[in-house]
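Asker: Handing you a structure now.
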Amino acid sequence: MKKKGFQRSDRVAEQVRRDLADLIRTELKDPRVGMISLTAVELTPDYAHAKVFYATLNAEHLEEIERGLKRASGFLRRELGRRIHIHTLPELHFVYDNSIERGASLSLLIDQANALSDQTPEE
């Protein structure tokens with residue numbers, strides 16, 4: 001059977017991401033969870049668990065952010081249930097997404113390699 005674009009689980013995961021981002025921005029009062037971006041949500045097939053990937057510019061306060069998100073997960077799950085009506089409301093598991101930092105460091109390495117190749121004397 002061929003996939004047709006997005007499956008229902010993909011649409012639900014994207015809706016969870018959007019609603020959680022809005023809840024964190026507007027409803028969450030914990031100062032530890034200030035400036036984060038939700039990059040993706042992965043749902044298990046039965047919707048029982050959701051891995052919520054996030055990125056932050058405050059990587060030095062990562063432990064505090066993780067504690068704040070873990071503490072707020074019950075509140076966020078309850079509020080999410082008021083917005084999304086699905087048969088099973090997922091338990092939220094927050095995971096730090098370092099892909100932005102990784103991409104920046106790889107870009108820096110490429111720039112350094114290009115700078116070195118420009119400095120080599122041509123014959």
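Letters A, B, ... go to the chains of the structure tokens in the order shown; residues in each chain start at 1; ligands are counted from 1 in the same order.
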Report as a VMD selection string: the residues of chain A with a DSSP assignment of alpha helix (DSSP H), based on the backbone of this structure.

Answerer: chain A and resid 8 to 26 62 to 83 99 to 119

Asker: Just want the 9 Å neighbourhood of A:Ile36, counted on only C-alpha atoms, with same-chain residues fewer than 5 positions away dropped. Output as a compact mmCIF listing (two decimals) with C-alpha atoms, in the first residue's frame.

Answerer:
# COMPACT_ATOMS: atom_id res chain seq x y z
CA ALA A 21 4.21 25.72 21.38
CA ILE A 24 4.26 27.18 26.40
CA ARG A 25 4.30 30.68 24.94
CA TYR A 54 12.97 21.30 21.50
CA ALA A 55 15.83 23.70 20.88
CA THR A 56 16.99 26.70 22.85
CA LEU A 57 19.49 29.50 22.54
CA ASN A 58 20.18 29.23 26.29
CA ILE A 65 14.84 24.10 31.16

Asker: Using DSSP on the backbone, list every residue of stretch 40-106 of chain A that comes out as strand (DSSP E or B), and give them as a PyMOL selection string.

Answerer: chain A and resi 40-43+49-56+91-96

Asker: Please compute the atom CA of A:Ser73-atom CA of A:Thr26 distance, one decimal, in Å.

Answerer: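 Result for atom CA of A:Ser73 versus atom CA of A:Thr26: 15.0 Å, one decimal.
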
Asker: Determine the nearest neighbour of A:Tyr96 from the options A:Leu116, A:Arg83, A:Ile110, A:Leu69, counting only C-alpha atoms.

Answerer: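 Between A:Leu116, A:Arg83, A:Ile110, A:Leu69, the residue approaching A:Tyr96 most closely is A:Leu69.
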
Asker: Leaving out A:Gln15 and any residue of its chain fewer than 6 positions from it, which residues lie within 12 Å of it when counting only C-alpha atoms, given as a VMD selection string?

Answerer: chain A and resid 8 to 9 21 to 22 38 40 to 43 80 to 81 83 to 86

Asker: Would you put the residues from that selection into a file with N, CA and C atoms, as a PDB file, in the first residue's frame?

Answerer:
ATOM      1  N   ARG A   8      -2.396  10.255   9.145  1.00  0.00           N
ATOM      2  CA  ARG A   8      -3.108  10.891  10.249  1.00  0.00           C
ATOM      3  C   ARG A   8      -2.166  11.159  11.417  1.00  0.00           C
ATOM      4  N   SER A   9      -1.295  10.206  11.734  1.00  0.00           N
ATOM      5  CA  SER A   9      -0.385  10.385  12.870  1.00  0.00           C
ATOM      6  C   SER A   9       0.543  11.584  12.650  1.00  0.00           C
ATOM      7  N   ALA A  21       3.437  24.480  21.535  1.00  0.00           N
ATOM      8  CA  ALA A  21       4.208  25.717  21.380  1.00  0.00           C
ATOM      9  C   ALA A  21       3.374  26.910  21.836  1.00  0.00           C
ATOM     10  N   ASP A  22       2.108  26.920  21.474  1.00  0.00           N
ATOM     11  CA  ASP A  22       1.224  28.016  21.884  1.00  0.00           C
ATOM     12  C   ASP A  22       1.008  28.005  23.398  1.00  0.00           C
ATOM     13  N   LEU A  38       9.886  24.404  19.725  1.00  0.00           N
ATOM     14  CA  LEU A  38       9.584  22.992  19.530  1.00  0.00           C
ATOM     15  C   LEU A  38       9.868  22.663  18.073  1.00  0.00           C
ATOM     16  N   ALA A  40      10.010  19.326  16.696  1.00  0.00           N
ATOM     17  CA  ALA A  40       9.285  18.175  16.148  1.00  0.00           C
ATOM     18  C   ALA A  40       8.588  17.427  17.272  1.00  0.00           C
ATOM     19  N   VAL A  41       7.608  16.624  16.896  1.00  0.00           N
ATOM     20  CA  VAL A  41       6.928  15.723  17.825  1.00  0.00           C
ATOM     21  C   VAL A  41       6.830  14.370  17.141  1.00  0.00           C
ATOM     22  N   GLU A  42       7.217  13.332  17.857  1.00  0.00           N
ATOM     23  CA  GLU A  42       7.065  11.959  17.361  1.00  0.00           C
ATOM     24  C   GLU A  42       6.089  11.238  18.263  1.00  0.00           C
ATOM     25  N   LEU A  43       5.044  10.687  17.685  1.00  0.00           N
ATOM     26  CA  LEU A  43       4.029   9.948  18.436  1.00  0.00           C
ATOM     27  C   LEU A  43       4.201   8.453  18.228  1.00  0.00           C
ATOM     28  N   LEU A  80      -3.515  20.414  26.703  1.00  0.00           N
ATOM     29  CA  LEU A  80      -3.537  19.861  25.352  1.00  0.00           C
ATOM     30  C   LEU A  80      -4.816  19.057  25.138  1.00  0.00           C
ATOM     31  N   GLY A  81      -5.250  18.332  26.173  1.00  0.00           N
ATOM     32  CA  GLY A  81      -6.486  17.553  26.097  1.00  0.00           C
ATOM     33  C   GLY A  81      -7.713  18.414  25.897  1.00  0.00           C
ATOM     34  N   ARG A  83      -7.674  21.042  24.016  1.00  0.00           N
ATOM     35  CA  ARG A  83      -7.595  21.563  22.649  1.00  0.00           C
ATOM     36  C   ARG A  83      -7.733  20.475  21.594  1.00  0.00           C
ATOM     37  N   ILE A  84      -7.152  19.321  21.860  1.00  0.00           N
ATOM     38  CA  ILE A  84      -7.153  18.228  20.883  1.00  0.00           C
ATOM     39  C   ILE A  84      -7.985  17.083  21.443  1.00  0.00           C
ATOM     40  N   HIS A  85      -8.904  16.598  20.648  1.00  0.00           N
ATOM     41  CA  HIS A  85      -9.766  15.504  21.095  1.00  0.00           C
ATOM     42  C   HIS A  85      -9.405  14.233  20.329  1.00  0.00           C
ATOM     43  N   ILE A  86      -8.522  13.440  20.947  1.00  0.00           N
ATOM     44  CA  ILE A  86      -8.139  12.145  20.378  1.00  0.00           C
ATOM     45  C   ILE A  86      -8.369  11.086  21.444  1.00  0.00           C
TER      46      ILE A  86
END

Asker: Ranking A:Glu63, A:Leu28, A:Thr39, A:Val16 by minimum distance to A:Asp97 and counting only C-alpha atoms, which one comes first?

Answerer: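 Among the listed residues, A:Thr39 lies closest to A:Asp97.
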
Asker: By how many Å are atom CA of A:Arg17 and atom CA of A:Val52 apart?

Answerer: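 These atoms are spaced 7.5 Å apart.
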
Asker: Could you pull the residues within 6 Å of A:Val33, counting only C-alpha atoms, minus those fewer than 2 positions along the same chain, as an mmCIF file with N, CA, C and O atoms, in the first residue's frame?

Answerer:
data_model
loop_
_atom_site.group_PDB
_atom_site.id
_atom_site.type_symbol
_atom_site.label_atom_id
_atom_site.label_comp_id
_atom_site.auth_asym_id
_atom_site.auth_seq_id
_atom_site.Cartn_x
_atom_site.Cartn_y
_atom_site.Cartn_z
ATOM 1 N N ASP A 30 6.334 29.305 34.094
ATOM 2 C CA ASP A 30 7.628 28.922 34.644
ATOM 3 C C ASP A 30 8.743 29.687 33.930
ATOM 4 O O ASP A 30 8.929 29.532 32.720
ATOM 5 N N PRO A 31 9.507 30.516 34.651
ATOM 6 C CA PRO A 31 10.556 31.306 33.994
ATOM 7 C C PRO A 31 11.702 30.453 33.444
ATOM 8 O O PRO A 31 12.450 30.902 32.580
ATOM 9 N N ILE A 65 15.924 24.178 32.138
ATOM 10 C CA ILE A 65 14.839 24.096 31.165
ATOM 11 C C ILE A 65 14.215 22.703 31.202
ATOM 12 O O ILE A 65 12.987 22.556 31.204
ATOM 13 N N GLY A 68 12.085 22.366 34.253
ATOM 14 C CA GLY A 68 10.850 23.131 34.088
ATOM 15 C C GLY A 68 9.857 22.433 33.175
ATOM 16 O O GLY A 68 8.659 22.391 33.465
#

Asker: For a quick check of understanding, using only C-alpha atoms, which of A:His93, A:Arg102, A:Arg82, A:Arg32 has the smallest distance to A:Ala50?

Answerer: A:His93
